[in-house]
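Peer 1: Structure below; questions to follow.
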Amino acid sequence: MDTVSIWQWFVAPLQYEFMVKALAVSALVGIVCSVLSCYMTLKGWALMGDAVSHAVMPGVVLAYILNIPFAIGAFVFGVSSVLAIGFIKSKTRIKEDTVIGLVFTGFFAFGLVLISKTPSTVDLTHILFGNVLGISNQDIIQTVIIAAITLVTILVLRKDLLLFCFDPTHARSIGLNTVALYYILLSVLSLTIVAALQTVGIILVVAMLVTPGATAYLLTDKFDHMMLIAAASGVFSSVMGTYISYHIDGATGGCIVVLQTLIFVGTMIFAPKHGLLVRARRKQAASS
């Protein structure tokens, strides 16, 4: 592939307005999800992210029925799922992972029922898999506002949230309100999921909330560096995944997540400090 061909590969999609919008929104969502994914990785909240992402589905459908912005319905149901998980966990002897499974499957199933019974000129299944190539100007503005709120919240509370994720007992002992931090982090999670709905949809958003942080975690032991690496990985995979989807005529969300997964697999094998090859060499050196 010569230089001209490579240049054409990158430039050709830019002649279409929908591709320019898709690339910009994908990059923005990649940044937001990647920054939050660092906290999700430290906290071990992959299942929580999956729960909230599925729980917003009935909210989106009800928002369509009531003719209000999808973001409002999604956020309300996302927060409602978090409150339901907290209530059931505190009032019963059931463990948190079981409660999460019960709540998110129940909400998700309710959403599927609503979709099946709602006459619509809009393909509501796009909320499952995303439709960034068909994103409207109104949805772009909504995504930018949500992304700004999320990033500002994380920036202002970054140290408190880091301590809460890393050692909640210590955070409580020095006077931090861990209950408030718990719900702030989950609210930010709900907002981020709403922002990512148009890009990768409900099914794949959990990958964007986990994979960049997991990749960065294998490459550095410093949290600030972890956030930068995760953001770079998230933006690269989002933009390149969108390009690839255009050229192969594939699902955009799927291409983004597959690329993220490949980056993680490569990192897992070749990471200079925590990769499988280095660990194997250390083990061999220790046994010899």
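Within each chain, counting starts at residue 1; across the structure tokens, chains are named A, B, ... in the order shown, with ligands numbered 1 upward in that order.
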Need to verify the contact set: Phe18 in chain A, 8 Å, only C-alpha atoms, exclusion of same-chain residues closer than 5 positions in sequence. Can you return it as a PyMOL selection string?

Peer 2: chain A and resi 133-135

Peer 1: Go ahead and dump the residues you just picked, C-alpha atoms, as a PDB file, in the first residue's frame.

Peer 2:
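This went into again_8.pdb:
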ATOM      1  CA  LEU A 133     -23.288   6.959  11.391  1.00  0.00           C
ATOM      2  CA  GLY A 134     -26.850   8.246  11.607  1.00  0.00           C
ATOM      3  CA  ILE A 135     -26.400  10.519  14.608  1.00  0.00           C
TER       4      ILE A 135
END

Peer 1: Show me a table, sorted first by chain and then by increasing residue number, of the residues of range 45-75 of chain A having an atom at most 12 Å from range 80-92 of chain A, each with its shortest atom pair and the distance in Å to one decimal, counting only C-alpha atoms and written as CSV.

Peer 2:
residue,atom,partner,partner_atom,distance
A:Met48,CA,A:Val82,CA,8.7
A:Gly49,CA,A:Val82,CA,10.3
A:Asp50,CA,A:Ser81,CA,11.4
A:Ala51,CA,A:Ser81,CA,7.9
A:Val52,CA,A:Ser81,CA,6.5
A:Ser53,CA,A:Ser81,CA,9.7
A:His54,CA,A:Ser81,CA,9.5
A:Ala55,CA,A:Ser81,CA,6.2
A:Val56,CA,A:Ser81,CA,8.2
A:Met57,CA,A:Ser81,CA,11.0
A:Pro58,CA,A:Ser81,CA,11.0
A:Gly59,CA,A:Ser80,CA,9.9
A:Gly73,CA,A:Ser80,CA,10.4
A:Ala74,CA,A:Ser80,CA,9.7
A:Phe75,CA,A:Ser80,CA,8.3

Peer 1: Could you write out the selected residues, including C-alpha atoms, as a PDB file, in the first residue's frame?

Peer 2:
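Contents of the output file part20.pdb:
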ATOM      1  CA  MET A  48     -21.855  -2.944  37.532  1.00  0.00           C
ATOM      2  CA  GLY A  49     -21.153  -1.236  34.207  1.00  0.00           C
ATOM      3  CA  ASP A  50     -22.875  -4.094  32.417  1.00  0.00           C
ATOM      4  CA  ALA A  51     -25.855  -3.814  34.754  1.00  0.00           C
ATOM      5  CA  VAL A  52     -26.372  -0.078  34.318  1.00  0.00           C
ATOM      6  CA  SER A  53     -25.856  -0.227  30.547  1.00  0.00           C
ATOM      7  CA  HIS A  54     -28.607  -2.831  30.179  1.00  0.00           C
ATOM      8  CA  ALA A  55     -30.905  -1.176  32.701  1.00  0.00           C
ATOM      9  CA  VAL A  56     -31.207   2.042  30.659  1.00  0.00           C
ATOM     10  CA  MET A  57     -32.987   0.247  27.831  1.00  0.00           C
ATOM     11  CA  PRO A  58     -36.602   0.612  29.074  1.00  0.00           C
ATOM     12  CA  GLY A  59     -35.866   4.266  29.810  1.00  0.00           C
ATOM     13  CA  GLY A  73     -35.163   8.270  30.123  1.00  0.00           C
ATOM     14  CA  ALA A  74     -31.839   6.438  29.991  1.00  0.00           C
ATOM     15  CA  PHE A  75     -30.371   8.409  32.884  1.00  0.00           C
TER      16      PHE A  75
END

Peer 1: Go through A:Ser190, A:Ser34, A:Thr220, A:Ser26 one by one, measure the shortest atom-to-atom distance of each to Ser233 in chain A using only C-alpha atoms, and give the residue with the smallest value.

Peer 2: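 Of A:Ser190, A:Ser34, A:Thr220, A:Ser26, the one nearest Ser233 in chain A, counting only C-alpha atoms, is A:Ser34.
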
Peer 1: Any idea what's packed within 12 Å of Val20 in chain A, counting only C-alpha atoms, ignoring anything in its chain fewer than 6 positions away? Could you give it as a list in words?

Peer 2: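 Everything that qualifies: Phe10, Val11, Ala12, Pro13, Leu14, Ser26, Ala27, Val132, Leu133, Gly134, Ile135, Ile140, Val239, Thr242, Tyr243 and Tyr246 of chain A.
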
Peer 1: Using DSSP secondary structure from the backbone, list all helix (DSSP H, G or I) positions within range 66-217 of chain A, as a VMD selection string.

Peer 2: chain A and resid 66 70 to 91 96 to 117 126 to 129 132 to 134 137 to 156 158 to 166 168 to 173 178 to 217

Peer 1: Give me the residues near Phe223 in chain A as a list in words, where near means some atom within 9 Å (using only C-alpha atoms) and where sequence neighbours in that chain fewer than 4 positions away do not count.

Peer 2: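 Here the qualifying residues turn out to be Cys38, Leu162, Tyr217, Met227 and Leu228 of chain A.
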
Peer 1: Could the residues in this selection be written to a file with N, CA and C atoms, as an mmCIF file, in the first residue's frame?

Peer 2:
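Listing of part26.cif after writing:
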data_model
loop_
_atom_site.group_PDB
_atom_site.id
_atom_site.type_symbol
_atom_site.label_atom_id
_atom_site.label_comp_id
_atom_site.auth_asym_id
_atom_site.auth_seq_id
_atom_site.Cartn_x
_atom_site.Cartn_y
_atom_site.Cartn_z
ATOM 1 N N CYS A 38 -10.749 3.705 33.860
ATOM 2 C CA CYS A 38 -9.640 3.569 34.812
ATOM 3 C C CYS A 38 -10.180 3.359 36.224
ATOM 4 N N LEU A 162 -10.405 8.338 43.301
ATOM 5 C CA LEU A 162 -9.291 7.391 43.227
ATOM 6 C C LEU A 162 -9.120 6.668 44.559
ATOM 7 N N TYR A 217 -3.814 -0.520 32.492
ATOM 8 C CA TYR A 217 -3.398 -1.097 33.776
ATOM 9 C C TYR A 217 -2.222 -2.056 33.607
ATOM 10 N N MET A 227 -4.463 6.902 33.019
ATOM 11 C CA MET A 227 -5.548 7.649 32.392
ATOM 12 C C MET A 227 -5.161 8.138 30.997
ATOM 13 N N LEU A 228 -3.923 8.600 30.845
ATOM 14 C CA LEU A 228 -3.471 9.085 29.540
ATOM 15 C C LEU A 228 -3.401 7.948 28.527
#

Peer 1: Taking only C-alpha atoms into account, name the residue in A:Leu219, A:Leu114, A:Leu102, A:Ile184 that is nearest to Ile65 in chain A.

Peer 2: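 Of A:Leu219, A:Leu114, A:Leu102, A:Ile184, the one nearest Ile65 in chain A is A:Leu114, counting only C-alpha atoms.
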
Peer 1: Report as a PyMOL selection string all protein, DNA and RNA residues lying within 10 Å of range 269-277 of chain A, evaluated on only C-alpha atoms, omitting residues in the same chain fewer than 5 positions from it.

Peer 2: chain A and resi 215-221+264+282-283

Peer 1: Which is closer to Met19 in chain A than all the others in A:Ile154, A:Val60, A:Ile244, A:Leu42, using only C-alpha atoms?

Peer 2: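 Smallest distance to Met19 in chain A is found for A:Ile244.
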
Peer 1: Just give me the gap between CA of Thr3 in chain A and CA of Ile256 in chain A in Å, one decimal is fine.

Peer 2: 24.5 Å

Peer 1: Extract, using only C-alpha atoms, all DNA, RNA and protein residues at most 12 Å from Gly234 in chain A, discarding same-chain residues fewer than 4 positions from it, and format them as a PDB file with N, CA and C atoms, in the first residue's frame.

Peer 2:
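Result saved to around.pdb:
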ATOM      1  N   SER A  26     -17.285   9.662  18.009  1.00  0.00           N
ATOM      2  CA  SER A  26     -16.597   8.449  18.455  1.00  0.00           C
ATOM      3  C   SER A  26     -15.365   8.793  19.289  1.00  0.00           C
ATOM      4  N   ALA A  27     -14.607   9.796  18.831  1.00  0.00           N
ATOM      5  CA  ALA A  27     -13.412  10.225  19.579  1.00  0.00           C
ATOM      6  C   ALA A  27     -13.792  10.764  20.948  1.00  0.00           C
ATOM      7  N   LEU A  28     -14.843  11.569  21.000  1.00  0.00           N
ATOM      8  CA  LEU A  28     -15.284  12.152  22.269  1.00  0.00           C
ATOM      9  C   LEU A  28     -15.744  11.062  23.237  1.00  0.00           C
ATOM     10  N   VAL A  29     -16.554  10.151  22.738  1.00  0.00           N
ATOM     11  CA  VAL A  29     -17.040   9.054  23.579  1.00  0.00           C
ATOM     12  C   VAL A  29     -15.874   8.178  24.024  1.00  0.00           C
ATOM     13  N   GLY A  30     -14.897   8.005  23.123  1.00  0.00           N
ATOM     14  CA  GLY A  30     -13.714   7.220  23.477  1.00  0.00           C
ATOM     15  C   GLY A  30     -12.974   7.818  24.651  1.00  0.00           C
ATOM     16  N   ILE A  31     -12.843   9.145  24.684  1.00  0.00           N
ATOM     17  CA  ILE A  31     -12.161   9.821  25.795  1.00  0.00           C
ATOM     18  C   ILE A  31     -12.932   9.627  27.096  1.00  0.00           C
ATOM     19  N   VAL A  32     -14.237   9.898  27.064  1.00  0.00           N
ATOM     20  CA  VAL A  32     -15.053   9.834  28.285  1.00  0.00           C
ATOM     21  C   VAL A  32     -15.058   8.413  28.862  1.00  0.00           C
ATOM     22  N   CYS A  33     -15.307   7.437  28.005  1.00  0.00           N
ATOM     23  CA  CYS A  33     -15.356   6.048  28.469  1.00  0.00           C
ATOM     24  C   CYS A  33     -13.998   5.597  28.995  1.00  0.00           C
ATOM     25  N   SER A  34     -12.932   6.024  28.350  1.00  0.00           N
ATOM     26  CA  SER A  34     -11.592   5.595  28.746  1.00  0.00           C
ATOM     27  C   SER A  34     -11.206   6.149  30.107  1.00  0.00           C
ATOM     28  N   VAL A  35     -11.505   7.428  30.335  1.00  0.00           N
ATOM     29  CA  VAL A  35     -11.187   8.046  31.628  1.00  0.00           C
ATOM     30  C   VAL A  35     -11.946   7.338  32.748  1.00  0.00           C
ATOM     31  N   LEU A  36     -13.235   7.106  32.535  1.00  0.00           N
ATOM     32  CA  LEU A  36     -14.029   6.425  33.553  1.00  0.00           C
ATOM     33  C   LEU A  36     -13.593   4.972  33.712  1.00  0.00           C
ATOM     34  N   SER A  37     -13.137   4.349  32.636  1.00  0.00           N
ATOM     35  CA  SER A  37     -12.754   2.936  32.696  1.00  0.00           C
ATOM     36  C   SER A  37     -11.586   2.698  33.654  1.00  0.00           C
ATOM     37  N   CYS A  38     -10.749   3.705  33.860  1.00  0.00           N
ATOM     38  CA  CYS A  38      -9.640   3.569  34.812  1.00  0.00           C
ATOM     39  C   CYS A  38     -10.180   3.359  36.224  1.00  0.00           C
ATOM     40  N   ALA A 207     -17.766  -2.838  27.076  1.00  0.00           N
ATOM     41  CA  ALA A 207     -16.386  -3.050  26.597  1.00  0.00           C
ATOM     42  C   ALA A 207     -15.608  -1.744  26.597  1.00  0.00           C
ATOM     43  N   MET A 208     -16.255  -0.642  26.190  1.00  0.00           N
ATOM     44  CA  MET A 208     -15.593   0.661  26.185  1.00  0.00           C
ATOM     45  C   MET A 208     -15.344   1.172  27.594  1.00  0.00           C
ATOM     46  N   LEU A 209     -16.112   0.668  28.562  1.00  0.00           N
ATOM     47  CA  LEU A 209     -15.948   1.081  29.951  1.00  0.00           C
ATOM     48  C   LEU A 209     -14.925   0.224  30.700  1.00  0.00           C
ATOM     49  N   VAL A 210     -14.460  -0.834  30.087  1.00  0.00           N
ATOM     50  CA  VAL A 210     -13.542  -1.750  30.763  1.00  0.00           C
ATOM     51  C   VAL A 210     -12.213  -1.890  30.026  1.00  0.00           C
ATOM     52  N   THR A 211     -12.268  -2.087  28.704  1.00  0.00           N
ATOM     53  CA  THR A 211     -11.072  -2.457  27.949  1.00  0.00           C
ATOM     54  C   THR A 211      -9.963  -1.408  27.969  1.00  0.00           C
ATOM     55  N   PRO A 212     -10.225  -0.117  27.723  1.00  0.00           N
ATOM     56  CA  PRO A 212      -9.121   0.852  27.757  1.00  0.00           C
ATOM     57  C   PRO A 212      -8.408   0.905  29.106  1.00  0.00           C
ATOM     58  N   GLY A 213      -9.176   0.869  30.194  1.00  0.00           N
ATOM     59  CA  GLY A 213      -8.582   0.881  31.527  1.00  0.00           C
ATOM     60  C   GLY A 213      -7.781  -0.376  31.800  1.00  0.00           C
ATOM     61  N   ALA A 214      -8.304  -1.525  31.371  1.00  0.00           N
ATOM     62  CA  ALA A 214      -7.584  -2.783  31.568  1.00  0.00           C
ATOM     63  C   ALA A 214      -6.282  -2.797  30.768  1.00  0.00           C
ATOM     64  N   THR A 215      -6.327  -2.252  29.556  1.00  0.00           N
ATOM     65  CA  THR A 215      -5.122  -2.171  28.723  1.00  0.00           C
ATOM     66  C   THR A 215      -4.063  -1.297  29.384  1.00  0.00           C
ATOM     67  N   ALA A 216      -4.486  -0.128  29.836  1.00  0.00           N
ATOM     68  CA  ALA A 216      -3.546   0.805  30.480  1.00  0.00           C
ATOM     69  C   ALA A 216      -3.002   0.240  31.786  1.00  0.00           C
ATOM     70  N   MET A 226      -1.870   5.978  33.601  1.00  0.00           N
ATOM     71  CA  MET A 226      -2.919   5.026  33.216  1.00  0.00           C
ATOM     72  C   MET A 226      -4.057   5.743  32.499  1.00  0.00           C
ATOM     73  N   MET A 227      -4.463   6.902  33.019  1.00  0.00           N
ATOM     74  CA  MET A 227      -5.548   7.649  32.392  1.00  0.00           C
ATOM     75  C   MET A 227      -5.161   8.138  30.997  1.00  0.00           C
ATOM     76  N   LEU A 228      -3.923   8.600  30.845  1.00  0.00           N
ATOM     77  CA  LEU A 228      -3.471   9.085  29.540  1.00  0.00           C
ATOM     78  C   LEU A 228      -3.401   7.948  28.527  1.00  0.00           C
ATOM     79  N   ILE A 229      -2.864   6.814  28.953  1.00  0.00           N
ATOM     80  CA  ILE A 229      -2.755   5.658  28.047  1.00  0.00           C
ATOM     81  C   ILE A 229      -4.145   5.144  27.674  1.00  0.00           C
ATOM     82  N   ALA A 230      -5.042   5.090  28.664  1.00  0.00           N
ATOM     83  CA  ALA A 230      -6.404   4.625  28.397  1.00  0.00           C
ATOM     84  C   ALA A 230      -7.108   5.553  27.413  1.00  0.00           C
ATOM     85  N   SER A 238     -11.572   4.087  18.766  1.00  0.00           N
ATOM     86  CA  SER A 238     -12.860   4.644  18.334  1.00  0.00           C
ATOM     87  C   SER A 238     -12.770   5.231  16.935  1.00  0.00           C
ATOM     88  N   VAL A 239     -11.713   6.014  16.689  1.00  0.00           N
ATOM     89  CA  VAL A 239     -11.545   6.641  15.374  1.00  0.00           C
ATOM     90  C   VAL A 239     -11.214   5.603  14.305  1.00  0.00           C
ATOM     91  N   MET A 240     -10.233   4.751  14.594  1.00  0.00           N
ATOM     92  CA  MET A 240      -9.842   3.737  13.605  1.00  0.00           C
ATOM     93  C   MET A 240     -10.951   2.715  13.384  1.00  0.00           C
ATOM     94  N   GLY A 241     -11.684   2.385  14.446  1.00  0.00           N
ATOM     95  CA  GLY A 241     -12.806   1.461  14.290  1.00  0.00           C
ATOM     96  C   GLY A 241     -13.878   2.031  13.379  1.00  0.00           C
ATOM     97  N   ILE A 256     -15.205  -0.965  16.550  1.00  0.00           N
ATOM     98  CA  ILE A 256     -14.504  -0.251  17.624  1.00  0.00           C
ATOM     99  C   ILE A 256     -14.116  -1.212  18.741  1.00  0.00           C
ATOM    100  N   VAL A 257     -15.057  -2.046  19.159  1.00  0.00           N
ATOM    101  CA  VAL A 257     -14.800  -2.943  20.285  1.00  0.00           C
ATOM    102  C   VAL A 257     -13.828  -4.055  19.905  1.00  0.00           C
ATOM    103  N   VAL A 258     -13.937  -4.566  18.691  1.00  0.00           N
ATOM    104  CA  VAL A 258     -12.986  -5.591  18.244  1.00  0.00           C
ATOM    105  C   VAL A 258     -11.568  -5.036  18.235  1.00  0.00           C
ATOM    106  N   LEU A 259     -11.407  -3.802  17.752  1.00  0.00           N
ATOM    107  CA  LEU A 259     -10.084  -3.175  17.729  1.00  0.00           C
ATOM    108  C   LEU A 259      -9.567  -2.966  19.154  1.00  0.00           C
ATOM    109  N   GLN A 260     -10.430  -2.515  20.057  1.00  0.00           N
ATOM    110  CA  GLN A 260     -10.028  -2.371  21.455  1.00  0.00           C
ATOM    111  C   GLN A 260      -9.569  -3.703  22.042  1.00  0.00           C
ATOM    112  N   THR A 261     -10.297  -4.753  21.716  1.00  0.00           N
ATOM    113  CA  THR A 261      -9.954  -6.079  22.235  1.00  0.00           C
ATOM    114  C   THR A 261      -8.610  -6.556  21.693  1.00  0.00           C
ATOM    115  N   ILE A 263      -6.142  -4.645  20.748  1.00  0.00           N
ATOM    116  CA  ILE A 263      -5.113  -3.849  21.436  1.00  0.00           C
ATOM    117  C   ILE A 263      -4.844  -4.435  22.817  1.00  0.00           C
ATOM    118  N   PHE A 264      -5.900  -4.827  23.509  1.00  0.00           N
ATOM    119  CA  PHE A 264      -5.716  -5.425  24.834  1.00  0.00           C
ATOM    120  C   PHE A 264      -4.942  -6.742  24.743  1.00  0.00           C
TER     121      PHE A 264
END

Peer 1: Give the answer as one residue: which of A:Thr105, A:Thr118, A:Ser5, A:Thr143 has the shortest atom-to-atom distance to Ala24 in chain A, using only C-alpha atoms?

Peer 2: A:Thr143

Peer 1: Near Leu181 in chain A, within 8 Å and counting only C-alpha atoms, which residues show up once chain neighbours fewer than 6 positions away are dropped, as a PyMOL selection string?

Peer 2: chain A and resi 160-161+164

Peer 1: Save the residues we just selected, C-alpha atoms, as a PDB file, in the first residue's frame?

Peer 2:
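So out_9.pdb came out as:
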ATOM      1  CA  ASP A 160     -11.415  11.417  46.189  1.00  0.00           C
ATOM      2  CA  LEU A 161     -12.744   8.965  43.597  1.00  0.00           C
ATOM      3  CA  PHE A 164     -12.564   5.498  47.114  1.00  0.00           C
TER       4      PHE A 164
END

Peer 1: Please indicate the distance in Å from CA of Val205 in chain A to CA of Ala251 in chain A, rounded to one decimal place.

Peer 2: 13.8 Å

Peer 1: What is the distance between CA of Met40 in chain A and CA of Tyr183 in chain A, in Å to one decimal?

Peer 2: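 Those two atoms sit 13.5 Å apart.
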